[in-house]
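Text of target.pdb (PDB, C-alpha atoms and all ligand atoms) as supplied:
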```pdb
MODEL        1
ATOM      1  CA  MET A 256      18.965  -9.023  17.038
ATOM      2  CA  THR A 257      16.291 -11.615  16.275
ATOM      3  CA  THR A 258      16.757 -14.366  13.708
ATOM      4  CA  THR A 259      13.666 -14.529  11.515
ATOM      5  CA  GLN A 260      12.701 -17.702   9.624
ATOM      6  CA  GLY A 261       9.196 -16.896   8.389
ATOM      7  CA  HIS A 262       7.686 -17.720   5.006
ATOM      8  CA  LEU A 263       9.380 -14.695   3.411
ATOM      9  CA  TYR A 264      12.876 -15.641   4.486
ATOM     10  CA  GLY A 265      15.257 -14.881   1.597
ATOM     11  CA  LYS A 266      12.677 -12.699  -0.188
ATOM     12  CA  VAL A 267      12.773  -8.991  -0.940
ATOM     13  CA  ALA A 268       9.764  -6.687  -0.540
ATOM     14  CA  LEU A 269       9.190  -3.087  -1.615
ATOM     15  CA  VAL A 270       6.548  -1.144   0.284
ATOM     16  CA  THR A 271       5.790   2.243  -1.242
ATOM     17  CA  GLY A 272       5.034   4.880   1.369
ATOM     18  CA  GLY A 273       6.443   2.569   4.002
ATOM     19  CA  GLY A 274       7.595   5.180   6.496
ATOM     20  CA  ARG A 275       4.291   5.792   8.229
ATOM     21  CA  GLY A 276       0.830   4.341   8.804
ATOM     22  CA  ILE A 277      -0.282   1.208   6.977
ATOM     23  CA  GLY A 278       2.939   1.095   4.944
ATOM     24  CA  ALA A 279       5.190   1.148   7.997
ATOM     25  CA  ALA A 280       3.155  -1.563   9.728
ATOM     26  CA  THR A 281       3.331  -3.639   6.535
ATOM     27  CA  ALA A 282       7.092  -3.215   6.161
ATOM     28  CA  LEU A 283       7.609  -4.374   9.748
ATOM     29  CA  ARG A 284       5.177  -7.273   9.401
ATOM     30  CA  LEU A 285       6.860  -8.534   6.220
ATOM     31  CA  ALA A 286      10.242  -8.236   7.943
ATOM     32  CA  ARG A 287       8.892 -10.348  10.820
ATOM     33  CA  GLU A 288       8.017 -12.954   8.160
ATOM     34  CA  GLY A 289      11.651 -12.861   7.068
ATOM     35  CA  ALA A 290      11.716 -10.391   4.171
ATOM     36  CA  ASP A 291      14.366  -7.805   3.470
ATOM     37  CA  VAL A 292      12.451  -4.585   2.911
ATOM     38  CA  ALA A 293      12.715  -1.345   0.948
ATOM     39  CA  VAL A 294      10.414   1.529   1.834
ATOM     40  CA  THR A 295       9.822   4.712  -0.136
ATOM     41  CA  TYR A 296       9.053   8.163   1.199
ATOM     42  CA  VAL A 297       8.712  11.730  -0.021
ATOM     43  CA  ALA A 298       8.763  14.065   2.974
ATOM     44  CA  GLY A 299       9.089  11.656   5.874
ATOM     45  CA  LYS A 300      12.791  10.816   5.689
ATOM     46  CA  GLU A 301      13.242  10.392   9.442
ATOM     47  CA  ALA A 302      10.183   8.159   9.781
ATOM     48  CA  ALA A 303      11.347   5.998   6.871
ATOM     49  CA  HIS A 304      14.823   5.629   8.369
ATOM     50  CA  ASP A 305      13.246   4.719  11.693
ATOM     51  CA  VAL A 306      11.409   1.869   9.938
ATOM     52  CA  VAL A 307      14.746   0.783   8.443
ATOM     53  CA  ARG A 308      16.285   0.665  11.923
ATOM     54  CA  ARG A 309      13.338  -1.350  13.271
ATOM     55  CA  VAL A 310      13.558  -3.834  10.378
ATOM     56  CA  GLU A 311      17.291  -4.215  10.946
ATOM     57  CA  ALA A 312      16.608  -4.847  14.632
ATOM     58  CA  LEU A 313      14.507  -7.819  13.486
ATOM     59  CA  GLY A 314      17.549  -9.206  11.704
ATOM     60  CA  GLN A 315      16.584  -8.254   8.143
ATOM     61  CA  ARG A 316      18.157  -5.871   5.678
ATOM     62  CA  ALA A 317      16.340  -2.639   4.847
ATOM     63  CA  VAL A 318      16.701   0.503   2.795
ATOM     64  CA  ALA A 319      14.772   3.784   2.627
ATOM     65  CA  LEU A 320      14.444   5.336  -0.820
ATOM     66  CA  ARG A 321      13.231   8.832  -1.542
ATOM     67  CA  SER A 322      10.818   8.208  -4.395
ATOM     68  CA  ASP A 323       7.698  10.147  -5.308
ATOM     69  CA  SER A 324       5.097   7.738  -6.664
ATOM     70  CA  GLY A 325       3.547  10.681  -8.483
ATOM     71  CA  ASP A 326       6.665  11.081 -10.602
ATOM     72  CA  PRO A 327       6.675   8.529 -13.430
ATOM     73  CA  GLU A 328      10.420   7.927 -13.449
ATOM     74  CA  GLU A 329      10.654   7.681  -9.687
ATOM     75  CA  ALA A 330       7.609   5.398  -9.394
ATOM     76  CA  ALA A 331       9.128   2.859 -11.752
ATOM     77  CA  GLY A 332      12.683   3.557 -10.618
ATOM     78  CA  ALA A 333      12.040   2.501  -7.013
ATOM     79  CA  VAL A 334      11.680  -1.079  -8.239
ATOM     80  CA  GLY A 335      15.119  -1.149  -9.867
ATOM     81  CA  ARG A 336      16.705   0.641  -6.915
ATOM     82  CA  THR A 337      15.234  -1.947  -4.553
ATOM     83  CA  ALA A 338      16.544  -4.812  -6.653
ATOM     84  CA  GLU A 339      19.998  -3.239  -6.795
ATOM     85  CA  ALA A 340      20.126  -2.582  -3.057
ATOM     86  CA  LEU A 341      18.657  -5.861  -1.836
ATOM     87  CA  GLY A 342      19.308  -8.296  -4.662
ATOM     88  CA  GLY A 343      15.935  -8.760  -6.359
ATOM     89  CA  LEU A 344      12.221  -8.212  -5.868
ATOM     90  CA  ASP A 345       9.637 -10.770  -4.795
ATOM     91  CA  VAL A 346       6.855  -8.678  -3.241
ATOM     92  CA  LEU A 347       5.575  -5.250  -4.280
ATOM     93  CA  VAL A 348       3.131  -3.533  -1.942
ATOM     94  CA  ASN A 349       1.594  -0.516  -3.665
ATOM     95  CA  ASN A 350       0.659   1.385  -0.533
ATOM     96  CA  ALA A 351       1.562   5.029  -1.183
ATOM     97  CA  GLY A 352      -1.582   7.050  -1.634
ATOM     98  CA  VAL A 353      -3.026  10.498  -1.177
ATOM     99  CA  GLY A 354      -6.521  11.293  -0.004
ATOM    100  CA  VAL A 355      -8.025  14.469  -1.375
ATOM    101  CA  LEU A 356     -11.674  14.885  -0.463
ATOM    102  CA  GLY A 357     -13.905  17.822  -1.295
ATOM    103  CA  PRO A 358     -16.993  19.007  -3.160
ATOM    104  CA  LEU A 359     -16.895  18.115  -6.845
ATOM    105  CA  GLY A 360     -16.961  21.736  -7.974
ATOM    106  CA  GLU A 361     -14.013  22.681  -5.782
ATOM    107  CA  LEU A 362     -11.522  20.031  -6.887
ATOM    108  CA  SER A 363      -8.834  21.666  -9.000
ATOM    109  CA  LEU A 364      -7.235  20.206 -12.094
ATOM    110  CA  ALA A 365      -3.939  20.086 -10.179
ATOM    111  CA  GLU A 366      -5.590  18.002  -7.457
ATOM    112  CA  VAL A 367      -7.133  15.661 -10.032
ATOM    113  CA  ASP A 368      -3.765  15.200 -11.733
ATOM    114  CA  ARG A 369      -1.884  14.668  -8.462
ATOM    115  CA  VAL A 370      -4.307  12.095  -7.039
ATOM    116  CA  LEU A 371      -4.443  10.133 -10.288
ATOM    117  CA  ALA A 372      -0.647  10.338 -10.638
ATOM    118  CA  VAL A 373       0.031   8.916  -7.166
ATOM    119  CA  ASN A 374      -2.931   6.587  -6.640
ATOM    120  CA  VAL A 375      -3.220   5.174 -10.175
ATOM    121  CA  ARG A 376      -0.324   5.951 -12.522
ATOM    122  CA  GLY A 377       2.295   5.318  -9.856
ATOM    123  CA  VAL A 378       0.735   1.949  -9.021
ATOM    124  CA  PHE A 379       0.586   1.042 -12.713
ATOM    125  CA  LEU A 380       4.211   1.979 -13.365
ATOM    126  CA  ALA A 381       5.581   0.287 -10.244
ATOM    127  CA  SER A 382       3.609  -2.871 -11.070
ATOM    128  CA  GLN A 383       4.855  -2.778 -14.658
ATOM    129  CA  ALA A 384       8.461  -2.437 -13.505
ATOM    130  CA  ALA A 385       8.027  -5.117 -10.834
ATOM    131  CA  ALA A 386       6.468  -7.555 -13.301
ATOM    132  CA  GLY A 387       9.549  -7.141 -15.463
ATOM    133  CA  ARG A 388      11.771  -8.366 -12.640
ATOM    134  CA  MET A 389       9.699 -10.828 -10.648
ATOM    135  CA  ARG A 390      10.095 -14.552 -10.944
ATOM    136  CA  GLU A 391       7.502 -17.263 -10.311
ATOM    137  CA  GLY A 392       6.001 -16.735  -6.860
ATOM    138  CA  GLY A 393       6.061 -12.948  -7.161
ATOM    139  CA  ARG A 394       3.346 -10.996  -5.363
ATOM    140  CA  ILE A 395       1.811  -7.632  -6.221
ATOM    141  CA  ILE A 396      -0.462  -6.377  -3.452
ATOM    142  CA  THR A 397      -2.144  -3.005  -3.769
ATOM    143  CA  ILE A 398      -3.881  -0.953  -1.110
ATOM    144  CA  GLY A 399      -7.277   0.224  -2.347
ATOM    145  CA  SER A 400     -10.068   1.597  -0.179
ATOM    146  CA  CYS A 401     -13.469   0.738   1.248
ATOM    147  CA  MET A 402     -14.684   3.710  -0.803
ATOM    148  CA  THR A 403     -14.516   1.540  -3.912
ATOM    149  CA  GLN A 404     -17.436  -0.408  -2.467
ATOM    150  CA  ARG A 405     -19.409   2.141  -0.514
ATOM    151  CA  VAL A 406     -19.013   5.903  -0.666
ATOM    152  CA  PRO A 407     -20.485   6.995   2.645
ATOM    153  CA  GLY A 408     -21.211  10.619   1.725
ATOM    154  CA  PRO A 409     -20.351  13.540  -0.544
ATOM    155  CA  GLY A 410     -16.778  14.634  -1.239
ATOM    156  CA  GLY A 411     -15.311  11.348  -2.387
ATOM    157  CA  THR A 412     -15.490  11.602  -6.183
ATOM    158  CA  LEU A 413     -11.781  11.947  -6.912
ATOM    159  CA  TYR A 414     -10.459   9.587  -4.249
ATOM    160  CA  ALA A 415     -13.081   6.892  -4.945
ATOM    161  CA  ALA A 416     -12.467   7.125  -8.692
ATOM    162  CA  SER A 417      -8.721   6.755  -8.218
ATOM    163  CA  LYS A 418      -9.012   3.752  -5.927
ATOM    164  CA  SER A 419     -11.678   2.105  -8.103
ATOM    165  CA  ALA A 420      -9.276   2.119 -11.052
ATOM    166  CA  LEU A 421      -7.133  -0.300  -9.052
ATOM    167  CA  ILE A 422      -9.836  -2.975  -9.242
ATOM    168  CA  GLY A 423      -9.539  -3.213 -13.017
ATOM    169  CA  LEU A 424      -5.769  -2.985 -12.847
ATOM    170  CA  THR A 425      -5.558  -5.815 -10.314
ATOM    171  CA  LYS A 426      -7.816  -8.165 -12.296
ATOM    172  CA  ALA A 427      -5.932  -7.441 -15.517
ATOM    173  CA  LEU A 428      -2.546  -7.922 -13.821
ATOM    174  CA  ALA A 429      -3.765 -11.259 -12.468
ATOM    175  CA  ARG A 430      -4.701 -12.419 -15.973
ATOM    176  CA  GLU A 431      -1.496 -11.200 -17.559
ATOM    177  CA  LEU A 432       0.913 -12.409 -14.893
ATOM    178  CA  GLY A 433      -0.872 -15.609 -13.859
ATOM    179  CA  PRO A 434       0.865 -17.751 -16.475
ATOM    180  CA  ARG A 435       4.175 -16.726 -14.869
ATOM    181  CA  GLY A 436       3.017 -17.704 -11.377
ATOM    182  CA  ILE A 437       2.819 -14.092 -10.171
ATOM    183  CA  THR A 438      -0.287 -13.041  -8.234
ATOM    184  CA  ALA A 439      -1.957  -9.623  -7.946
ATOM    185  CA  ASN A 440      -4.476  -8.758  -5.244
ATOM    186  CA  LEU A 441      -6.157  -5.717  -3.750
ATOM    187  CA  VAL A 442      -6.751  -4.901  -0.077
ATOM    188  CA  HIS A 443      -9.469  -2.418   0.846
ATOM    189  CA  PRO A 444      -8.942  -0.832   4.263
ATOM    190  CA  GLY A 445     -11.880   0.730   6.016
ATOM    191  CA  PRO A 446     -11.263   3.541   8.492
ATOM    192  CA  VAL A 447      -7.781   2.900   9.864
ATOM    193  CA  ASP A 448      -6.132   5.076  12.496
ATOM    194  CA  THR A 449      -3.230   6.830  10.728
ATOM    195  CA  ASP A 450      -2.073  10.371  10.007
ATOM    196  CA  MET A 451      -4.332  10.314   6.937
ATOM    197  CA  ASN A 452      -7.427   9.385   8.934
ATOM    198  CA  PRO A 453      -6.944   9.786  12.688
ATOM    199  CA  ALA A 454      -9.380   7.953  14.937
ATOM    200  CA  ASP A 455      -9.891  11.183  16.877
ATOM    201  CA  GLY A 456     -10.401  13.326  13.759
ATOM    202  CA  PRO A 457     -13.537  15.289  12.903
ATOM    203  CA  PHE A 458     -14.876  12.626  10.503
ATOM    204  CA  ALA A 459     -14.129   9.691  12.784
ATOM    205  CA  PRO A 460     -17.499   9.346  14.565
ATOM    206  CA  GLY A 461     -19.408   9.014  11.276
ATOM    207  CA  GLN A 462     -16.958   6.465   9.909
ATOM    208  CA  THR A 463     -16.981   4.466  13.138
ATOM    209  CA  ALA A 464     -20.761   4.320  13.038
ATOM    210  CA  MET A 465     -20.641   2.800   9.546
ATOM    211  CA  THR A 466     -18.540  -0.170  10.620
ATOM    212  CA  ALA A 467     -20.135  -3.333  11.948
ATOM    213  CA  LEU A 468     -17.439  -3.599  14.613
ATOM    214  CA  GLY A 469     -17.962  -0.056  15.830
ATOM    215  CA  ARG A 470     -14.321   0.983  15.784
ATOM    216  CA  PHE A 471     -11.419   2.102  13.629
ATOM    217  CA  GLY A 472      -8.959  -0.530  12.475
ATOM    218  CA  THR A 473      -5.238  -0.511  13.125
ATOM    219  CA  ALA A 474      -2.473  -0.384  10.547
ATOM    220  CA  GLU A 475      -1.287  -3.749  11.881
ATOM    221  CA  GLU A 476      -4.661  -5.312  11.042
ATOM    222  CA  VAL A 477      -4.252  -4.267   7.408
ATOM    223  CA  ALA A 478      -0.639  -5.466   7.424
ATOM    224  CA  SER A 479      -1.831  -8.904   8.576
ATOM    225  CA  MET A 480      -3.937  -9.272   5.439
ATOM    226  CA  VAL A 481      -1.033  -8.204   3.243
ATOM    227  CA  ALA A 482       1.190 -10.769   4.946
ATOM    228  CA  CYS A 483      -1.472 -13.459   4.407
ATOM    229  CA  LEU A 484      -1.565 -12.665   0.704
ATOM    230  CA  THR A 485       2.194 -13.006   0.394
ATOM    231  CA  ALA A 486       1.725 -16.635   1.460
ATOM    232  CA  ALA A 487      -1.370 -17.345  -0.654
ATOM    233  CA  GLY A 488      -0.195 -18.891  -3.906
ATOM    234  CA  TYR A 489      -3.646 -19.740  -5.315
ATOM    235  CA  VAL A 490      -5.280 -16.342  -4.723
ATOM    236  CA  THR A 491      -5.140 -13.761  -7.497
ATOM    237  CA  GLY A 492      -7.235 -11.002  -9.037
ATOM    238  CA  ALA A 493      -9.170 -10.778  -5.781
ATOM    239  CA  GLU A 494     -10.303  -8.008  -3.433
ATOM    240  CA  PHE A 495     -10.163  -8.229   0.361
ATOM    241  CA  SER A 496     -11.927  -5.846   2.712
ATOM    242  CA  VAL A 497     -10.219  -5.092   6.008
ATOM    243  CA  ASP A 498     -12.890  -2.642   7.001
ATOM    244  CA  GLY A 499     -14.595  -3.749  10.203
ATOM    245  CA  GLY A 500     -17.719  -4.437   8.166
ATOM    246  CA  HIS A 501     -17.913  -0.978   6.525
ATOM    247  CA  ALA A 502     -19.200  -2.584   3.308
ATOM    248  CA  ALA A 503     -21.531  -5.065   5.022
TER     249      ALA A 503
HETATM  250  N1  LIG A 601      -6.133   5.284   6.826
HETATM  251  C1  LIG A 601      -7.273   4.950   6.239
HETATM  252  O1  LIG A 601      -8.364   5.068   6.837
HETATM  253  C2  LIG A 601      -7.265   4.380   4.850
HETATM  254  C3  LIG A 601      -8.464   3.849   4.364
HETATM  255  C4  LIG A 601      -8.505   3.311   3.099
HETATM  256  C5  LIG A 601      -7.354   3.298   2.322
HETATM  257  N2  LIG A 601      -6.208   3.837   2.801
HETATM  258  C6  LIG A 601      -5.035   3.785   1.923
HETATM  259  O2  LIG A 601      -3.962   3.179   2.595
HETATM  260  C7  LIG A 601      -2.729   3.675   2.097
HETATM  261  C8  LIG A 601      -1.871   4.157   3.252
HETATM  262  O3  LIG A 601      -2.586   5.156   3.933
HETATM  263  P1  LIG A 601      -2.240   5.638   5.422
HETATM  264  O4  LIG A 601      -3.539   5.850   6.089
HETATM  265  O5  LIG A 601      -1.222   4.775   6.028
HETATM  266  O6  LIG A 601      -1.645   7.080   5.061
HETATM  267  P2  LIG A 601      -0.601   8.026   5.798
HETATM  268  O7  LIG A 601      -0.570   7.757   7.253
HETATM  269  O8  LIG A 601      -0.956   9.400   5.316
HETATM  270  O9  LIG A 601       0.790   7.576   5.168
HETATM  271  C9  LIG A 601       0.975   7.748   3.802
HETATM  272  C10 LIG A 601       2.305   7.167   3.426
HETATM  273  O10 LIG A 601       2.406   7.260   1.995
HETATM  274  C11 LIG A 601       3.547   8.019   1.669
HETATM  275  N3  LIG A 601       3.296   8.796   0.460
HETATM  276  C12 LIG A 601       2.343   9.720   0.256
HETATM  277  N4  LIG A 601       2.435  10.210  -0.985
HETATM  278  C13 LIG A 601       3.490   9.579  -1.561
HETATM  279  C14 LIG A 601       4.109   9.654  -2.823
HETATM  280  N5  LIG A 601       3.685  10.508  -3.757
HETATM  281  N6  LIG A 601       5.167   8.849  -3.080
HETATM  282  C15 LIG A 601       5.628   7.989  -2.140
HETATM  283  N7  LIG A 601       5.088   7.877  -0.903
HETATM  284  C16 LIG A 601       4.032   8.679  -0.633
HETATM  285  C17 LIG A 601       3.848   8.887   2.866
HETATM  286  O11 LIG A 601       5.219   9.224   2.853
HETATM  287  P3  LIG A 601       5.826  10.517   3.600
HETATM  288  O12 LIG A 601       5.959  10.118   5.060
HETATM  289  O13 LIG A 601       7.137  10.759   2.951
HETATM  290  O14 LIG A 601       4.864  11.625   3.414
HETATM  291  C18 LIG A 601       3.464   7.944   4.004
HETATM  292  O15 LIG A 601       4.492   7.023   4.284
HETATM  293  C19 LIG A 601      -3.093   4.775   1.094
HETATM  294  O16 LIG A 601      -3.058   4.252  -0.207
HETATM  295  C20 LIG A 601      -4.516   5.136   1.486
HETATM  296  O17 LIG A 601      -5.227   5.679   0.407
HETATM  297  C21 LIG A 601      -6.130   4.363   4.049
ENDMDL
END
```

If you convert what's in this file into structure tokens, what do you get?
Amino acid sequence: MTTTQGHLYGKVALVTGGGRGIGAATALRLAREGADVAVTYVAGKEAAHDVVRRVEALGQRAVALRSDSGDPEEAAGAVGRTAEALGGLDVLVNNAGVGVLGPLGELSLAEVDRVLAVNVRGVFLASQAAAGRMREGGRIITIGSCMTQRVPGPGGTLYAASKSALIGLTKALARELGPRGITANLVHPGPVDTDMNPADGPFAPGQTAMTALGRFGTAEEVASMVACLTAAGYVTGAEFSVDGGHAA
């Protein structure tokens, strides 16, 4: 067991969708900075519990909560459950997201509702619940997308619309919570190698070509930016691309 004394020592973080991909890398990175961490999952119970074990191996406390961000009660409820299990909440990372791409005419109403419920309403409700509990120094960090800045081709209407809503939400949260010393920021990953967007998938070559660095990013590279923002007390209402130059 490692003793951690980073800048988040004594703090509690909730990472939604923290069992896999960017969320898992973020949960582990925040634990390395000293945070106790809650992660939510829907289907990936084993993966989420594996993250818990890895956080505990770093010397921090951790809990995995089954909580569907697309369900209004569960999205907000994860915040209270985290506070009960770990003794408070200092950092909320709104990471859980679903990517549904397809021609405009083929997107069903159910798909529209599901994507907006998870990617927008769930973020709103978790942020609302977190704001009700956080003290001065609280951090709300949301994972957006490079598709808010540049939609590289057809098929992105629903996903880009959902992620773009987070820009307005983040700015408005910053204004509303700033007087209480709570910051809100938005991180836009470019193509990052995860289950959602594998670097060897059929769309990977086109995405790689659109980056200035000529490669996919790693989940750990996004997690680094999230960790930076947990330490950045005078940064709020801002957007940060971690996209290898996708928007350049
Ligand atoms: N990868 C990319 O290229 C990329 C680019 C831009 C933005 N993003 C954004 O980055 C975030 C993470 O993406 P990723 O690539 O790491 O995805 P991923 O590998 O597909 O992992 C998604 C994670 O979110 C969880 N999740 C999905 N729906 C959920 C729900 N309704 N409630 C709670 N948790 C839910 C999943 O949990 P289960 O294991 O239980 O299913 C999983 O832990 C998303 O917001 C995504 O839109 C990703």

**Report entry** Computed interatomic separation between atom N2 of ligand LIG 601 (chain A) and CA of Ala298 (chain A) (Å)
**Finding:**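 Separation of atom N2 of ligand LIG 601 (chain A) and CA of Ala298 (chain A): 18.1 Å.
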
Query raised in the report: Can you tell me which residues sit at most 6 Å away from ligand LIG 601 (chain A), counting all atoms listed in the file, written as a VMD selection string?
Result: chain A and resid 271 to 278 295 to 299 322 to 325 350 to 354 373 398 to 401 444 to 452

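With all atoms listed in the file taken into account, the protein and nucleic acid residues at most 7 Å from region 334-345 of chain A (excluding it and anything under 2 positions from it in its own chain) are Lys266, Val267, Ala268, Leu269, Ala293, Ala331, Gly332, Leu347, Ala381, Ala384, Ala385, Arg388, Met389, Gly393 and Arg394 of chain A.
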
**Report entry** Selection near Ala487 (chain A), 12 Å with all atoms listed in the file, sequence-local residues under 2 positions removed, as a PyMOL selection string
**Finding:** chain A and resi 262-263+392-396+436-440+480-485+489-491+493

Requested in this report: I need the residue set behind the PyMOL selection byres (((chain A and resi 422-426) around 12) and not hetatm) for this file; please write it as a VMD selection string.
Outcome: chain A and resid 349 374 to 380 382 to 383 394 to 404 415 to 421 427 to 433 437 to 443 490 to 495

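When CA of His501 (chain A) is paired with CA of Glu288 (chain A), their separation reads 28.6 Å.
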
Residues near Val306 (chain A), anyone? I mean within 8 Å using only C-alpha atoms, not counting same-chain ones fewer than 2 positions away, as a PDB file with C-alpha atoms, in the coordinates of the input.
```pdb
ATOM      1  CA  GLY A 273       6.443   2.569   4.002  1.00  0.00           C
ATOM      2  CA  GLY A 274       7.595   5.180   6.496  1.00  0.00           C
ATOM      3  CA  ALA A 279       5.190   1.148   7.997  1.00  0.00           C
ATOM      4  CA  ALA A 282       7.092  -3.215   6.161  1.00  0.00           C
ATOM      5  CA  LEU A 283       7.609  -4.374   9.748  1.00  0.00           C
ATOM      6  CA  ALA A 302      10.183   8.159   9.781  1.00  0.00           C
ATOM      7  CA  ALA A 303      11.347   5.998   6.871  1.00  0.00           C
ATOM      8  CA  HIS A 304      14.823   5.629   8.369  1.00  0.00           C
ATOM      9  CA  ARG A 308      16.285   0.665  11.923  1.00  0.00           C
ATOM     10  CA  ARG A 309      13.338  -1.350  13.271  1.00  0.00           C
ATOM     11  CA  VAL A 310      13.558  -3.834  10.378  1.00  0.00           C
TER      12      VAL A 310
END
```

Requested in this report: Quick one: pull the distance between CA of Arg316 (chain A) and CA of Asp291 (chain A), Å, one decimal.
Outcome: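 Here the two named atoms are 4.8 Å from each other.
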
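Summary of the local environment: counting only C-alpha atoms, residues at most 9 Å from Gly357 (chain A), other than itself and those fewer than 6 positions away along its chain, are Pro409, Gly410, Gly411, Thr412 and Leu413 of chain A.
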
Emit the selected residues as a PDB file, in the frame of the given file, including C-alpha atoms.
```pdb
ATOM      1  CA  PRO A 409     -20.351  13.540  -0.544  1.00  0.00           C
ATOM      2  CA  GLY A 410     -16.778  14.634  -1.239  1.00  0.00           C
ATOM      3  CA  GLY A 411     -15.311  11.348  -2.387  1.00  0.00           C
ATOM      4  CA  THR A 412     -15.490  11.602  -6.183  1.00  0.00           C
ATOM      5  CA  LEU A 413     -11.781  11.947  -6.912  1.00  0.00           C
TER       6      LEU A 413
END
```

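Among the candidate residues A:Ala502, A:Leu371, A:Leu313, A:Ala459, the one lying nearest to Val406 (chain A) is A:Ala502, with distances computed using all atoms listed in the file.
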
Query raised in the report: If the PyMOL selection byres (((chain A and resi 465) around 9) and not hetatm) is run on the structure shown, which residues does it catch, given as a ChimeraX atom specification?
Result: /A:407,460-464,466-469,499-502

Query raised in the report: For Ala312 (chain A), which residue among A:Ala286, A:Val346, A:Ala280, A:Ala478 is the nearest when counting all atoms listed in the file?
Result: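 That would be A:Ala286, the residue with the smallest distance to Ala312 (chain A).
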
Could you model N, CA and C atoms for region 421-436 of chain A and present them as a short mmCIF file (atom, residue, chain, number, x, y, z; two decimals), in the frame of the given file?
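The resulting file, rebuild.cif, is shown below:
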```
data_model
loop_
_atom_site.label_atom_id
_atom_site.label_comp_id
_atom_site.auth_asym_id
_atom_site.auth_seq_id
_atom_site.Cartn_x
_atom_site.Cartn_y
_atom_site.Cartn_z
N LEU A 421 -8.04 0.78 -9.46
CA LEU A 421 -7.13 -0.30 -9.05
C LEU A 421 -7.80 -1.67 -9.13
N ILE A 422 -9.13 -1.69 -9.12
CA ILE A 422 -9.84 -2.98 -9.24
C ILE A 422 -9.57 -3.56 -10.63
N GLY A 423 -9.78 -2.73 -11.65
CA GLY A 423 -9.54 -3.21 -13.02
C GLY A 423 -8.08 -3.56 -13.23
N LEU A 424 -7.21 -2.72 -12.69
CA LEU A 424 -5.77 -2.98 -12.85
C LEU A 424 -5.40 -4.33 -12.22
N THR A 425 -5.92 -4.58 -11.03
CA THR A 425 -5.56 -5.82 -10.31
C THR A 425 -6.05 -7.05 -11.07
N LYS A 426 -7.29 -7.01 -11.55
CA LYS A 426 -7.82 -8.16 -12.30
C LYS A 426 -7.00 -8.40 -13.57
N ALA A 427 -6.68 -7.30 -14.26
CA ALA A 427 -5.93 -7.44 -15.52
C ALA A 427 -4.50 -7.92 -15.26
N LEU A 428 -3.89 -7.43 -14.18
CA LEU A 428 -2.55 -7.92 -13.82
C LEU A 428 -2.59 -9.42 -13.52
N ALA A 429 -3.65 -9.83 -12.81
CA ALA A 429 -3.76 -11.26 -12.47
C ALA A 429 -3.81 -12.11 -13.73
N ARG A 430 -4.59 -11.67 -14.71
CA ARG A 430 -4.70 -12.42 -15.97
C ARG A 430 -3.38 -12.44 -16.73
N GLU A 431 -2.72 -11.30 -16.74
CA GLU A 431 -1.50 -11.20 -17.56
C GLU A 431 -0.31 -11.92 -16.91
N LEU A 432 -0.26 -11.87 -15.58
CA LEU A 432 0.91 -12.41 -14.89
C LEU A 432 0.69 -13.82 -14.35
N GLY A 433 -0.57 -14.27 -14.36
CA GLY A 433 -0.87 -15.61 -13.86
C GLY A 433 -0.05 -16.71 -14.51
N PRO A 434 0.08 -16.69 -15.83
CA PRO A 434 0.86 -17.75 -16.48
C PRO A 434 2.31 -17.83 -15.99
N ARG A 435 2.80 -16.73 -15.41
CA ARG A 435 4.18 -16.73 -14.87
C ARG A 435 4.21 -17.03 -13.37
N GLY A 436 3.04 -17.36 -12.80
CA GLY A 436 3.02 -17.70 -11.38
C GLY A 436 3.14 -16.51 -10.46
#
```
